[in-house]
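Next comes target.cif, a file with mmCIF, C-alpha atoms and all ligand atoms.
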```cif
data_start
loop_
_atom_site.label_atom_id
_atom_site.label_comp_id
_atom_site.auth_asym_id
_atom_site.auth_seq_id
_atom_site.Cartn_x
_atom_site.Cartn_y
_atom_site.Cartn_z
CA MET D 1365 49.08 -195.67 91.27
CA GLU D 1366 45.84 -197.49 90.56
CA ILE D 1367 46.03 -201.26 90.12
CA ILE D 1368 43.24 -202.54 87.89
CA SER D 1369 42.59 -206.16 87.02
CA THR D 1370 39.22 -206.17 85.29
CA LEU D 1371 38.63 -205.29 81.64
CA GLU D 1372 35.46 -203.35 82.43
CA GLU D 1373 37.24 -201.15 84.95
CA VAL D 1374 40.26 -200.34 82.82
CA LYS D 1375 38.00 -199.54 79.88
CA ALA D 1376 35.75 -197.24 81.94
CA ARG D 1377 38.67 -195.51 83.69
CA CYS D 1378 40.56 -194.81 80.46
CA LYS D 1379 37.39 -193.57 78.76
CA GLU D 1380 36.78 -191.19 81.65
CA LEU D 1381 40.38 -189.89 81.53
CA LYS D 1382 40.10 -189.28 77.79
CA LYS D 1383 36.82 -187.43 78.33
CA GLN D 1384 38.71 -185.17 80.72
CA GLY D 1385 41.06 -184.37 77.83
CA LYS D 1386 43.99 -186.43 79.12
CA SER D 1387 46.32 -188.17 76.70
CA ILE D 1388 47.34 -191.77 77.45
CA ALA D 1389 50.58 -193.65 76.76
CA LEU D 1390 50.58 -197.43 77.07
CA VAL D 1391 53.56 -199.66 77.88
CA PRO D 1392 52.64 -203.32 77.29
CA THR D 1393 54.82 -205.80 79.24
CA MET D 1394 54.87 -209.38 80.45
CA GLY D 1395 56.14 -208.31 83.88
CA PHE D 1396 59.34 -209.24 85.74
CA LEU D 1397 60.32 -205.69 85.03
CA HIS D 1398 63.88 -204.43 84.56
CA ALA D 1399 65.54 -201.17 83.52
CA GLY D 1400 64.61 -201.79 79.86
CA HIS D 1401 60.91 -201.70 80.77
CA LEU D 1402 61.47 -198.65 82.99
CA SER D 1403 63.02 -196.75 80.07
CA LEU D 1404 59.75 -197.30 78.17
CA ILE D 1405 57.75 -195.99 81.15
CA GLU D 1406 60.03 -192.93 81.31
CA LYS D 1407 59.42 -192.28 77.60
CA ALA D 1408 55.67 -192.74 78.10
CA ARG D 1409 55.74 -190.13 80.88
CA GLN D 1410 57.32 -187.62 78.51
CA LEU D 1411 54.68 -188.30 75.85
CA ALA D 1412 51.35 -188.24 77.66
CA ASP D 1413 49.43 -187.11 80.75
CA ILE D 1414 48.62 -190.64 81.86
CA VAL D 1415 50.88 -193.70 81.78
CA VAL D 1416 49.25 -197.13 81.69
CA VAL D 1417 51.48 -200.18 82.10
CA SER D 1418 50.03 -203.60 81.34
CA ARG D 1419 51.53 -206.67 82.98
CA PHE D 1420 50.20 -209.74 81.27
CA VAL D 1421 51.95 -212.97 80.31
CA ASN D 1422 50.02 -213.54 77.12
CA PRO D 1423 49.38 -217.28 76.66
CA THR D 1424 48.58 -217.02 72.93
CA GLN D 1425 52.12 -215.94 72.06
CA PHE D 1426 53.62 -219.11 73.59
CA ALA D 1427 53.61 -222.44 71.75
CA PRO D 1428 52.72 -225.51 73.85
CA ASN D 1429 56.41 -226.51 74.18
CA GLU D 1430 57.53 -223.04 75.32
CA ASP D 1431 58.13 -221.43 78.71
CA LEU D 1432 54.67 -220.02 79.57
CA ASP D 1433 54.48 -221.81 82.92
CA ALA D 1434 58.10 -221.09 83.81
CA TYR D 1435 58.01 -217.42 82.80
CA PRO D 1436 59.51 -215.41 85.69
CA ASN D 1437 56.99 -213.55 87.80
CA ASP D 1438 57.33 -211.14 90.74
CA PRO D 1439 54.12 -209.09 91.11
CA ASN D 1440 55.24 -207.20 94.23
CA HIS D 1441 58.51 -206.10 92.65
CA ASP D 1442 56.63 -205.03 89.50
CA ARG D 1443 54.06 -203.02 91.46
CA SER D 1444 56.76 -201.28 93.45
CA VAL D 1445 58.98 -200.33 90.47
CA THR D 1446 56.11 -199.24 88.22
CA GLU D 1447 54.79 -196.99 90.98
CA LYS D 1448 58.25 -195.47 91.62
CA ALA D 1449 58.64 -194.91 87.87
CA GLY D 1450 55.52 -192.72 87.83
CA THR D 1451 52.94 -195.11 86.38
CA ASP D 1452 49.34 -193.95 86.83
CA ILE D 1453 47.55 -197.24 86.10
CA LEU D 1454 48.94 -200.77 86.31
CA PHE D 1455 46.65 -203.14 84.41
CA GLU D 1456 47.13 -206.79 85.32
CA PRO D 1457 44.25 -208.91 84.03
CA PRO D 1458 44.01 -212.66 84.57
CA ALA D 1459 44.33 -214.73 81.38
CA SER D 1460 40.81 -216.08 81.86
CA ALA D 1461 39.45 -212.53 81.60
CA MET D 1462 41.49 -211.57 78.53
CA TYR D 1463 40.43 -214.58 76.46
CA HIS D 1464 37.02 -216.20 76.18
CA ALA D 1465 37.19 -219.99 76.11
CA ASP D 1466 35.98 -219.83 72.48
CA HIS D 1467 38.22 -216.92 71.40
CA ALA D 1468 38.35 -217.13 67.61
CA THR D 1469 39.70 -213.85 66.22
CA TRP D 1470 43.33 -213.19 65.29
CA VAL D 1471 45.34 -210.27 63.99
CA GLU D 1472 48.27 -211.25 61.81
CA VAL D 1473 51.03 -209.65 59.73
CA PRO D 1474 52.29 -212.84 58.06
CA GLU D 1475 54.64 -211.14 55.62
CA LEU D 1476 56.79 -209.74 58.44
CA ALA D 1477 56.24 -212.63 60.86
CA LYS D 1478 57.50 -215.44 58.67
CA GLY D 1479 61.27 -214.88 59.07
CA LEU D 1480 63.64 -214.41 62.04
CA CYS D 1481 61.82 -215.48 65.23
CA GLY D 1482 58.83 -216.60 63.15
CA VAL D 1483 60.73 -219.62 61.85
CA THR D 1484 61.00 -221.28 65.28
CA ARG D 1485 57.94 -219.51 66.71
CA PRO D 1486 55.36 -219.61 63.87
CA THR D 1487 52.35 -218.55 65.96
CA HIS D 1488 54.16 -216.10 68.26
CA PHE D 1489 53.50 -212.82 66.45
CA ARG D 1490 49.86 -213.67 65.82
CA GLY D 1491 49.50 -213.87 69.61
CA VAL D 1492 51.41 -210.62 70.08
CA CYS D 1493 49.39 -208.68 67.47
CA THR D 1494 46.12 -210.00 68.86
CA VAL D 1495 46.84 -209.11 72.48
CA VAL D 1496 48.24 -205.69 71.55
CA THR D 1497 45.09 -204.98 69.52
CA LYS D 1498 42.97 -206.01 72.50
CA LEU D 1499 44.97 -203.72 74.80
CA PHE D 1500 44.62 -200.84 72.33
CA ASN D 1501 40.85 -201.39 72.19
CA LEU D 1502 40.51 -201.47 75.97
CA ILE D 1503 42.81 -198.56 76.79
CA GLN D 1504 42.56 -196.42 73.63
CA PRO D 1505 46.08 -195.02 74.07
CA ASP D 1506 47.37 -192.06 72.06
CA PHE D 1507 50.88 -193.54 72.23
CA ALA D 1508 52.28 -197.01 72.82
CA CYS D 1509 55.96 -197.65 73.60
CA PHE D 1510 57.84 -200.74 72.43
CA GLY D 1511 61.53 -201.63 72.76
CA GLU D 1512 63.95 -202.02 69.87
CA LYS D 1513 65.25 -205.11 71.71
CA ASP D 1514 62.37 -206.99 70.10
CA TYR D 1515 63.08 -205.48 66.70
CA GLN D 1516 60.82 -207.77 64.68
CA GLN D 1517 57.96 -207.23 67.12
CA LEU D 1518 58.30 -203.44 66.90
CA THR D 1519 58.37 -203.57 63.08
CA ILE D 1520 55.29 -205.82 62.98
CA ILE D 1521 53.31 -203.63 65.39
CA ARG D 1522 54.14 -200.52 63.35
CA ARG D 1523 52.89 -202.24 60.20
CA MET D 1524 49.73 -203.53 61.89
CA VAL D 1525 48.89 -200.04 63.14
CA ARG D 1526 49.56 -198.50 59.73
CA ASP D 1527 47.65 -201.12 57.76
CA LEU D 1528 44.60 -201.14 60.05
CA ASN D 1529 44.57 -197.36 60.65
CA MET D 1530 44.73 -197.82 64.39
CA PRO D 1531 44.54 -194.40 66.08
CA VAL D 1532 47.74 -194.77 68.11
CA GLU D 1533 51.31 -193.60 67.60
CA ILE D 1534 53.92 -196.34 68.04
CA VAL D 1535 57.08 -195.12 69.73
CA GLY D 1536 60.22 -197.25 69.44
CA CYS D 1537 62.66 -197.04 72.37
CA PRO D 1538 66.40 -197.87 72.37
CA LEU D 1539 67.66 -201.23 73.60
CA VAL D 1540 68.83 -201.00 77.24
CA ARG D 1541 71.86 -203.14 78.16
CA GLU D 1542 73.60 -204.41 81.25
CA GLU D 1543 76.99 -202.77 81.90
CA ASP D 1544 78.77 -205.64 80.18
CA GLY D 1545 76.63 -205.26 77.05
CA LEU D 1546 74.09 -208.06 77.50
CA ALA D 1547 70.64 -206.97 76.30
CA MET D 1548 68.37 -206.75 79.35
CA SER D 1549 65.61 -209.35 79.27
CA SER D 1550 63.31 -211.00 81.79
CA ARG D 1551 64.57 -214.32 80.41
CA ASN D 1552 68.15 -213.55 81.54
CA ALA D 1553 66.88 -214.87 84.89
CA TYR D 1554 67.07 -218.37 83.38
CA LEU D 1555 70.88 -218.14 83.01
CA THR D 1556 73.22 -219.84 85.46
CA LYS D 1557 76.10 -217.77 86.84
CA GLU D 1558 78.46 -219.33 84.29
CA GLU D 1559 76.08 -218.74 81.37
CA ARG D 1560 75.46 -215.17 82.51
CA ALA D 1561 79.22 -214.50 82.47
CA LEU D 1562 79.44 -215.71 78.84
CA ALA D 1563 76.22 -214.14 77.50
CA PRO D 1564 77.75 -210.68 76.68
CA GLN D 1565 79.67 -212.46 73.88
CA ILE D 1566 76.47 -212.27 71.83
CA ARG D 1567 76.74 -208.48 71.80
CA LYS D 1568 80.51 -208.73 71.20
CA GLY D 1569 79.81 -210.92 68.16
CA LEU D 1570 77.45 -208.28 66.77
CA LEU D 1571 80.00 -205.52 67.39
CA LEU D 1572 82.54 -207.63 65.50
CA LEU D 1573 80.16 -207.72 62.49
CA GLN D 1574 79.71 -203.96 62.67
CA GLU D 1575 83.49 -203.51 62.62
CA LYS D 1576 83.98 -206.00 59.76
CA ALA D 1577 81.23 -204.30 57.74
CA LYS D 1578 83.04 -200.97 58.14
CA GLN D 1579 86.24 -202.65 56.99
CA GLY D 1580 84.54 -203.82 53.78
CA GLU D 1581 82.93 -207.19 54.54
CA HIS D 1582 79.48 -206.79 53.00
CA SER D 1583 78.48 -210.40 52.29
CA ALA D 1584 75.74 -211.67 54.58
CA GLU D 1585 77.04 -215.25 54.40
CA ASN D 1586 80.53 -214.17 55.43
CA LEU D 1587 79.14 -212.04 58.27
CA TYR D 1588 77.06 -215.00 59.49
CA SER D 1589 80.17 -217.19 59.49
CA LEU D 1590 82.07 -214.59 61.48
CA PHE D 1591 79.29 -214.45 64.08
CA ALA D 1592 79.03 -218.25 64.26
CA GLY D 1593 82.80 -218.54 64.64
CA HIS D 1594 82.82 -215.98 67.43
CA ILE D 1595 80.02 -217.74 69.34
CA GLN D 1596 81.59 -221.17 68.86
CA LYS D 1597 84.90 -219.88 70.19
CA THR D 1598 83.58 -217.89 73.15
CA ILE D 1599 80.39 -219.80 74.18
CA PRO D 1600 80.77 -223.37 72.86
CA SER D 1601 77.67 -224.45 74.79
CA ALA D 1602 75.44 -221.93 72.96
CA ARG D 1603 73.42 -222.75 69.86
CA ILE D 1604 72.54 -220.12 67.28
CA ASP D 1605 68.84 -220.17 66.35
CA TYR D 1606 69.41 -217.59 63.63
CA VAL D 1607 71.63 -214.74 62.54
CA ARG D 1608 70.15 -212.66 59.71
CA MET D 1609 70.94 -209.39 57.99
CA VAL D 1610 67.62 -207.78 57.04
CA ASP D 1611 66.22 -204.57 55.62
CA LYS D 1612 65.36 -202.41 58.61
CA ASP D 1613 61.79 -201.71 57.44
CA SER D 1614 60.68 -204.74 55.41
CA LEU D 1615 62.74 -207.33 57.36
CA GLU D 1616 63.59 -208.91 53.98
CA PRO D 1617 66.87 -210.86 54.18
CA LEU D 1618 69.76 -209.13 52.37
CA GLU D 1619 72.61 -210.94 50.68
CA THR D 1620 74.81 -207.87 50.50
CA LEU D 1621 75.02 -204.81 52.73
CA LYS D 1622 74.08 -201.72 50.71
CA ASP D 1623 73.96 -198.68 53.01
CA SER D 1624 72.76 -200.00 56.32
CA ALA D 1625 70.90 -203.03 57.66
CA VAL D 1626 69.83 -204.66 60.89
CA VAL D 1627 71.53 -207.84 61.97
CA ALA D 1628 69.19 -209.73 64.29
CA VAL D 1629 70.13 -212.84 66.24
CA ALA D 1630 68.57 -215.38 68.57
CA VAL D 1631 70.88 -217.62 70.56
CA TYR D 1632 69.97 -220.52 72.84
CA LEU D 1633 72.04 -220.52 76.02
CA GLY D 1634 71.07 -222.98 78.74
CA LYS D 1635 67.33 -222.58 79.33
CA ALA D 1636 67.21 -219.14 77.71
CA ARG D 1637 66.72 -218.02 74.14
CA LEU D 1638 68.38 -214.61 73.93
CA LEU D 1639 67.65 -211.94 71.33
CA ASP D 1640 69.87 -209.08 70.23
CA ASN D 1641 70.31 -206.89 67.19
CA ILE D 1642 72.51 -204.16 65.78
CA LEU D 1643 72.31 -201.60 63.00
CA ILE D 1644 75.35 -201.97 60.76
CA SER D 1645 76.45 -199.74 57.91
CA ARG D 1646 79.20 -199.50 55.32
P1 LIG D 1701 58.43 -208.04 77.57
O1 LIG D 1701 58.00 -207.85 78.99
O2 LIG D 1701 59.71 -208.81 77.43
O3 LIG D 1701 57.32 -208.53 76.69
O4 LIG D 1701 58.79 -206.60 77.03
C1 LIG D 1701 57.88 -205.54 77.11
C2 LIG D 1701 58.40 -204.37 76.32
O5 LIG D 1701 59.67 -203.98 76.86
C3 LIG D 1701 58.64 -204.69 74.85
O6 LIG D 1701 58.28 -203.57 74.06
C4 LIG D 1701 60.13 -204.94 74.80
O7 LIG D 1701 60.71 -204.69 73.53
C5 LIG D 1701 60.63 -203.93 75.82
N1 LIG D 1701 61.94 -204.32 76.31
C6 LIG D 1701 62.29 -205.51 76.87
N2 LIG D 1701 63.61 -205.52 77.13
C7 LIG D 1701 64.11 -204.34 76.73
C8 LIG D 1701 65.41 -203.75 76.72
N3 LIG D 1701 66.47 -204.38 77.18
N4 LIG D 1701 65.53 -202.50 76.22
C9 LIG D 1701 64.46 -201.83 75.75
N5 LIG D 1701 63.21 -202.32 75.73
C10 LIG D 1701 63.04 -203.56 76.21
#
```

Would you write the structure of this file as structure tokens?
Amino acid sequence: MEIISTLEEVKARCKELKKQGKSIALVPTMGFLHAGHLSLIEKARQLADIVVVSRFVNPTQFAPNEDLDAYPNDPNHDRSVTEKAGTDILFEPPASAMYHADHATWVEVPELAKGLCGVTRPTHFRGVCTVVTKLFNLIQPDFACFGEKDYQQLTIIRRMVRDLNMPVEIVGCPLVREEDGLAMSSRNAYLTKEERALAPQIRKGLLLLQEKAKQGEHSAENLYSLFAGHIQKTIPSARIDYVRMVDKDSLEPLETLKDSAVVAVAVYLGKARLLDNILISR
């Protein structure tokens, strides 16, 4: 595996590989890799000749009061697992190289970024879209893999690529969970032992909604109350940031479940803000 940290080098290397007729799949990450990330790398290997993994904690997607400085980091672990997973190039640029001091250009999809996580993180997706665009320009991938764990992010990236005619195919990958159902996330490292033991209740709450929807409960408000009740009962110390039933493509909030919909949640537990989602249907 090649480890590249300069923009010039990754650009030149990827250009050369493309000239040789190789296809490239990119897996953008913020590091502290777990089995969810590795599933994306595995998918990338199936799609293309060359797998590029980026490991970059993107400062522009963090607000000043967020966890940029505390974000978990273990470069040696990441290098070892990406290599074992069959990565060809690990790109790990320093933030100072990715952004000029007078960086002034942003890519935004405001229509899809305003709800869900966008309410508490209003500048987050602008940072995500901008860094992903920069990575696409540097690496020129044929494919890019993103996890359904970050459902809003995946939907926004798909729309950005469609609207701007970016020459890359976005591949969504299923959410990978711990054995007890907790969605894998680098931020799970923030949980204490006690919080970690309670965290799977978020998934259980979503499964409860799926079951109630099947039994005929189609009102979003009633489903939200059921989820809130479940969390209050099982993790009293948690605080729900949001629970929303949305159209799976437009992310528009739905008042009533028609055929199917995504229920997305964010829950604060200790120092972590945990995301999860589920597809429910009648
Ligand atoms: P992150 O390092 O958290 O920015 O995530 C990098 C990529 O991995 C994103 O496309 C995430 O959606 C994806 N990802 C993170 N956790 C999971 C998971 N548990 N299952 C599937 N994909 C994931």

- Query: So how many Å separate atom O3 of ligand LIG 1701 (chain D) and atom CA of D:Ser1549, to one decimal?
  - Reply: 8.7 Å

- Message: One number please: atom CA of D:Val1629 to atom CA of D:Lys1407, in Å, one decimal.
- Response: 25.8 Å

- Task: Could you pull out every residue with an atom within 12 Å of (34.0, -203.5, 78.7), file coordinates, counting all atoms listed in the file, and send them as a list of chain:residue names?
- Result: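 Neighbouring residues, ordered by chain and number, come to D:Thr1370, D:Leu1371, D:Glu1372, D:Glu1373, D:Val1374, D:Lys1375, D:Ala1376, D:Arg1377, D:Cys1378, D:Lys1379, D:Ala1461, D:Met1462, D:Lys1498, D:Leu1499, D:Asn1501, D:Leu1502, D:Ile1503.
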
- Message: Calculated over only C-alpha atoms, which of the candidates D:Val1483, D:Leu1618, D:Ala1449, D:Val1627 has the smallest distance to D:Glu1406?
- Response: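 That would be D:Ala1449, the residue with the smallest distance to D:Glu1406.
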
- Task: Could you report the residues within 9 Å of ligand LIG 1701 (chain D), using all atoms listed in the file, as an MDAnalysis selection string?
- Result: chainID D and resid 1391:1404 1419:1422 1508:1515 1517:1518 1536:1542 1546:1551

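Distances to D:Val1471 were evaluated for D:Thr1598, D:Ser1369, D:Thr1497, D:Thr1446 using only C-alpha atoms, and the minimum falls at D:Thr1497.
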
- Message: Would you compute the distance between atom CA of D:Gly1450 and atom CA of D:Glu1380? Give it in Å to one decimal.
- Response: 19.8 Å

- Query: Quick one: residues within 7 Å of stretch 1584-1590 of chain D, all atoms listed in the file counted, chain neighbours fewer than 5 positions away excluded, as JSON, numbers by chain?
  - Reply: {"D": [1573, 1607, 1609, 1618, 1619, 1620]}

- Proximity to D:Arg1608 - best of D:Asn1641, D:Gln1579, D:Met1365, D:Ala1636, all atoms listed in the file: D:Asn1641

- Task: Scan for residues within 6 Å of the point (77.0, -205.2, 73.5) in the coordinates of the file, using all atoms listed in the file, and reply as a ChimeraX atom specification.
- Result: /D:1545-1546,1567-1568

Box along x, y and z, 4 Å on every side, all listed atoms of stretch 1409-1415 of chain D inside: centre and edge lengths in Å to one decimal, as JSON.
```
{"center_x": 53.0, "center_y": -190.4, "center_z": 78.9, "size_x": 16.7, "size_y": 14.6, "size_z": 14.0}
```

D:Pro1531 environment, 9 Å, only C-alpha atoms, sequence neighbours closer than 5 positions dropped, as a compact mmCIF listing (two decimals) with C-alpha atoms, in the coordinates of the input:
```
# COMPACT_ATOMS: atom_id res chain seq x y z
CA PHE D 1500 44.62 -200.84 72.33
CA GLN D 1504 42.56 -196.42 73.63
CA PRO D 1505 46.08 -195.02 74.07
CA ASP D 1506 47.37 -192.06 72.06
CA PHE D 1507 50.88 -193.54 72.23
CA VAL D 1525 48.89 -200.04 63.14
```

- Task: Choose the residue, out of D:Gly1634, D:Pro1600, D:Gly1491, D:Pro1436, that has the smallest atom-to-atom separation from D:Trp1470; count only C-alpha atoms.
- Result: D:Gly1491

- Residue contacts of D:Ala1577 (10 Å, only C-alpha atoms) excluding same-chain residues fewer than 5 positions away, as a ChimeraX atom specification: /D:1571-1572,1582-1584,1587,1621,1624,1644-1646

- Of the residues D:Met1524, D:Ala1630, D:Val1496, D:Cys1481, which is the one nearest to D:Ala1592, using only C-alpha atoms? D:Ala1630
